[in-house]
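K.L.:
Here you go, one structure.
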Amino acid sequence: MREPTLWILHILAGIIILIFLGIHMGIMHLDTILTSLGVGYKNPLSWSSVLIRNKALFFTITYILLLGAALYHGFYGLRNILFELSLGKSAQKAVNWLLFFVGLFLFIYGGYAAIAAYVI
Amino acid sequence: MADQKEQETSVFTEEVIKEVIFRVHRFSPDDGKPPRMQDYKVPVKRGMTVLDGLHYIRDNLDSTLSYRFSCRMAICGSCGMFINNLPRLACKTQILELEADTIEVKPLPNYEVIKDLVPDLSDFFEKHRSVMPYLIREEEEEKIDPPTNEFLQTPDELERFLQFAYCTKCGLCLAGCPTVATDKVFLGPMALAQAFRYNSDTRDQGFEKRLELLCVPEGPWRCHFAGSCSEVCPKGVDPALGVQLLKGQIVFTKLGLKKPHKIAPLATEKPEAKRRPGIPEAPPRTVKKE
Amino acid sequence: MANGTISKPENRLGIVGWFYAGSFSFERYAYILHRITGLGILLYFLLHIFGSSARISGQSSWESLMHFLGKPIFVAGEYLVFIAFCFHAMNGIRLILGELGFSIGKPGRPVYPYRISLNRQRPLLVVFMIIAVIFILLGGYDFFIAGH
């Protein structure tokens with residue numbers, strides 16, 4: 001009975017990513033267009049803009065949200081692809097646990113970086 | 001009048017329009033040779049189908065050619081083959097419509113090959129069986145066949161699933177499906193569309209039972225809406241529609257956003273049909289009641 | 001296996017079947033593009049988690065990493081990821097709508113010529129692909145022309 005829950009979470013994570021990664025992509029890669037429209041800021045990768053984002057609670061929270069949603073969405077998608085290679089039941093279990101632990105590790109690591117950048 | 005007559009004769013002409021090459025997949029489990037393609041020259045007349053072409057080869061050129069067919073009019077779903085880059089019914093595909101000088105005929109992909117153009121559909125039927133494709137009632141006395149009386153259903157309720165009831169189980173959808181190309185256990189478009197068909201039937205009460213069979217990794221979650229199954233379906237059944245609606249049905253029901261359909265009641269009166277005089281009784285049942 | 005018989009050929013298309021299995025319409029190729037772009041973005045994202053964490057080690061390590069990643073090859077690679085994101089996001093909205101049953105119509109009577117769910121959601125596909133192309137072009141302007 002787990003599958004529909006995992007699937008709907010995949011979709012919800014997709015919507016979260018669409019919103020926040022959309023903002024992230026806009027800030028990072030449409031900066032000249034956005035600044036000419038009066039939003040965003042120039043040179044988003046310079047150290048000074050990194051510092052501004054590090055200290056803004058909005059970015060810290062959305063980074064962690066985006067990190068979790070993207071890890072879930074990406075690893076569920078990878079799991080889809082792997083499962084469709086006719087995996088046996090035990091291999092399916094192994095994939096589930098492997099992706100879960102790798103995902104958890106990356107979430108803790110990335111979450112730590114986001115919080116540390118805010119606190120330091 | 002004369003014009004019309006002339007036109008009719010020209011449509012039904014026996015004149016050979018062109019000659020095409022049939023490149024046919026050959027394989028026999030008995031001769032020990034690997035699968036190969038063999039060419040045959042077939043004279044084409046107007047209106048000739050690929051199945052007619054195969055008949056011509058078998059009758060005139062090579063009597064060892066095996067292929068499965070029955071009704072030759074797109075009703076039985078026996079003659080599914082991979083013809084010029086798409087899974088199609090051989091009887092529903094006219095040779096001239098393909099607009100090609102070489103007609104490549106292979107067995108349906110994603111099924112084991114028994115011989116030449118004959119795929120092994122037993123897995124496919126097993127998947128169909130596994131989703132309980134029949135009406136499930138909770139009342140004890142209605143579980144038997146036939147039920148004690150008819151169930152009352154409106155035409156609107158009928159249209160919610162009728163489209164999927166047109167499925168002839170020809171197996172083209174699984175031959176087109178990208179997931180089935182690698183996944184052996186995925187239930188596939190046909191079985192899932194049939195699960196939706198019975199789930200949506202107001203006469204059925206088996207949603208909960210089917211839910212257990214569908215909420216598994218090989219259920220509808222393996223479908224990513226490439227839509228190829230619907231594209232190749234020769235009956236317009238649109239299995240992709242059924243699978244997407246099935247996913248929505250399961251998820252929205254679980255989230256409490258969709259109520260279960262109302263259950264068709266059993267008719268209280270027997271229909272008042274009287275046998276007209278002079279009409280003989282029906283012959284006895286050939287299948288015994290259990 | 002006895003008497004020189006060989007076993008039934010499986011005839012399963014395998015991974016090749018994900019990419020090509022016959023003359024299907026664009027949705028089939030959107031399916032495999034969605035898969036490839038998804039995997040590409042996932043790979044980039046995993047590297048990105050480690051890359052972005054360089055900012056907690058201070059200004060100099062951040063700036064040396066940014067200098068290293070400023071090479072044209074990395075900028076081009078990043079633009080590929082941007083393209084992949086635009087496609088994956090726009091196709092993803094279409095898939096969410098379709099897979100939850102919103103843009104694909106209702107069951108009806110199959111009357112020849114058949115109009116199937118794919119036909120009904122195709123306008124949506126066209127609109128989202130146009131939006132994706134617009135974003136890809138805007139991104140290209142930003143990546144390569146404006147200020148770089």
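Numbering starts fresh at 1 for the residues of each chain in the structure tokens, the chains themselves are lettered A, B, ... in the order given, and ligands are numbered from 1 as they appear.
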Counting only C-alpha atoms, what is within 12 Å of Ile130 in chain C, bar same-chain residues fewer than 4 positions away, as a list in words?
P.N.:
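After dropping sequence-adjacent residues, the list is Cys86, Phe87, Met90, Asn91, Pro123, Leu124, Leu125, Val126, Ile134, Phe135, Ile136 and Leu137 of chain C.
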K.L.:
Which residues are close to range 177-184 of chain B, i.e. within 9 Å by only C-alpha atoms, leaving aside same-chain residues fewer than 5 positions away? Reply as a ChimeraX atom specification.
P.N.:
/A:83-87 /B:109-110,172,189,218,222-224,226-229 /C:12-21,28
K.L.:
Just need the residues of chain A within 9 Å of chain C, counting only C-alpha atoms, so spit them out as an MDAnalysis selection string.
P.N.:
chainID A and resid 11 14:15 17:18 22 25:26 29:33 45:47 50:51 54 67 70:71 74:75 77:78 81 85 106 109:110 112:114 116:117 120
K.L.:
Would you please work out which residue, of C:Arg120, C:Lys8, C:His34, C:Lys71, is nearest to Lys106 in chain C when using only C-alpha atoms?
P.N.:
C:Arg120
K.L.:
For Ala74 in chain B, work out the shell of residues within 8 Å, counting only C-alpha atoms and skipping chain neighbours fewer than 2 positions away, then give it as an NGL selection string.
P.N.:
:B and (71-72 or 76-77 or 89 or 91-92 or 234)
K.L.:
Using only C-alpha atoms, what does the table of chain B residues within 6 Å of chain C look like, with each row giving the shortest atom pair and its distance in Å to one decimal, sorted by chain and ascending number, as JSON lines?
P.N.:
```
{"residue": "B:Pro29", "atom": "CA", "partner": "C:Thr5", "partner_atom": "CA", "distance": 5.1}
{"residue": "B:Asp30", "atom": "CA", "partner": "C:Thr5", "partner_atom": "CA", "distance": 4.6}
{"residue": "B:Gly32", "atom": "CA", "partner": "C:Thr5", "partner_atom": "CA", "distance": 5.2}
{"residue": "B:Asn85", "atom": "CA", "partner": "C:Gly22", "partner_atom": "CA", "distance": 4.4}
{"residue": "B:Leu86", "atom": "CA", "partner": "C:Gly22", "partner_atom": "CA", "distance": 5.2}
{"residue": "B:Pro109", "atom": "CA", "partner": "C:Asn11", "partner_atom": "CA", "distance": 5.5}
{"residue": "B:Asn110", "atom": "CA", "partner": "C:Arg12", "partner_atom": "CA", "distance": 3.9}
{"residue": "B:Glu112", "atom": "CA", "partner": "C:Glu10", "partner_atom": "CA", "distance": 4.3}
{"residue": "B:Val113", "atom": "CA", "partner": "C:Pro9", "partner_atom": "CA", "distance": 5.5}
{"residue": "B:Ile114", "atom": "CA", "partner": "C:Lys8", "partner_atom": "CA", "distance": 6.0}
{"residue": "B:Glu159", "atom": "CA", "partner": "C:Gly108", "partner_atom": "CA", "distance": 5.9}
{"residue": "B:Arg160", "atom": "CA", "partner": "C:Pro107", "partner_atom": "CA", "distance": 5.8}
{"residue": "B:Gln163", "atom": "CA", "partner": "C:Arg109", "partner_atom": "CA", "distance": 5.5}
{"residue": "B:Pro178", "atom": "CA", "partner": "C:Trp18", "partner_atom": "CA", "distance": 4.9}
{"residue": "B:Ala181", "atom": "CA", "partner": "C:Gly14", "partner_atom": "CA", "distance": 4.9}
{"residue": "B:Thr182", "atom": "CA", "partner": "C:Gly14", "partner_atom": "CA", "distance": 4.6}
{"residue": "B:Ala226", "atom": "CA", "partner": "C:Arg28", "partner_atom": "CA", "distance": 4.6}
{"residue": "B:Gly236", "atom": "CA", "partner": "C:Tyr114", "partner_atom": "CA", "distance": 5.3}
{"residue": "B:Asp238", "atom": "CA", "partner": "C:Ile116", "partner_atom": "CA", "distance": 5.8}
{"residue": "B:Leu241", "atom": "CA", "partner": "C:Ser117", "partner_atom": "CA", "distance": 5.7}
{"residue": "B:Gln244", "atom": "CA", "partner": "C:Glu99", "partner_atom": "CA", "distance": 4.8}
{"residue": "B:Leu245", "atom": "CA", "partner": "C:Gly101", "partner_atom": "CA", "distance": 5.2}
{"residue": "B:Gly248", "atom": "CA", "partner": "C:Leu100", "partner_atom": "CA", "distance": 4.8}
```
K.L.:
Store the residues picked out above in a file with C-alpha atoms, as a PDB file, in the first residue's frame.
P.N.:
```
ATOM      1  CA  PRO B  29      12.019 -23.903 -32.378  1.00  0.00           C
ATOM      2  CA  ASP B  30      12.562 -27.219 -34.164  1.00  0.00           C
ATOM      3  CA  GLY B  32      17.789 -25.161 -34.631  1.00  0.00           C
ATOM      4  CA  ASN B  85       7.569   0.084 -37.433  1.00  0.00           C
ATOM      5  CA  LEU B  86       4.336  -0.075 -35.448  1.00  0.00           C
ATOM      6  CA  PRO B 109       7.880  -7.209 -29.502  1.00  0.00           C
ATOM      7  CA  ASN B 110       7.980  -7.709 -25.703  1.00  0.00           C
ATOM      8  CA  GLU B 112       8.324 -14.485 -26.413  1.00  0.00           C
ATOM      9  CA  VAL B 113       8.150 -15.896 -29.931  1.00  0.00           C
ATOM     10  CA  ILE B 114       6.603 -19.339 -30.311  1.00  0.00           C
ATOM     11  CA  GLU B 159     -20.318   5.480 -20.391  1.00  0.00           C
ATOM     12  CA  ARG B 160     -17.828   5.917 -17.586  1.00  0.00           C
ATOM     13  CA  GLN B 163     -14.796   2.560 -23.764  1.00  0.00           C
ATOM     14  CA  PRO B 178       8.308   1.450 -23.189  1.00  0.00           C
ATOM     15  CA  ALA B 181      10.253  -3.247 -22.960  1.00  0.00           C
ATOM     16  CA  THR B 182      12.395  -3.790 -19.857  1.00  0.00           C
ATOM     17  CA  ALA B 226       4.274   8.006 -23.026  1.00  0.00           C
ATOM     18  CA  GLY B 236      -9.786   3.253 -29.757  1.00  0.00           C
ATOM     19  CA  ASP B 238      -7.254   4.390 -25.071  1.00  0.00           C
ATOM     20  CA  LEU B 241      -6.468   7.210 -20.388  1.00  0.00           C
ATOM     21  CA  GLN B 244      -3.968   7.729 -15.710  1.00  0.00           C
ATOM     22  CA  LEU B 245      -7.558   7.775 -14.450  1.00  0.00           C
ATOM     23  CA  GLY B 248      -6.069   9.461  -9.979  1.00  0.00           C
TER      24      GLY B 248
END
```
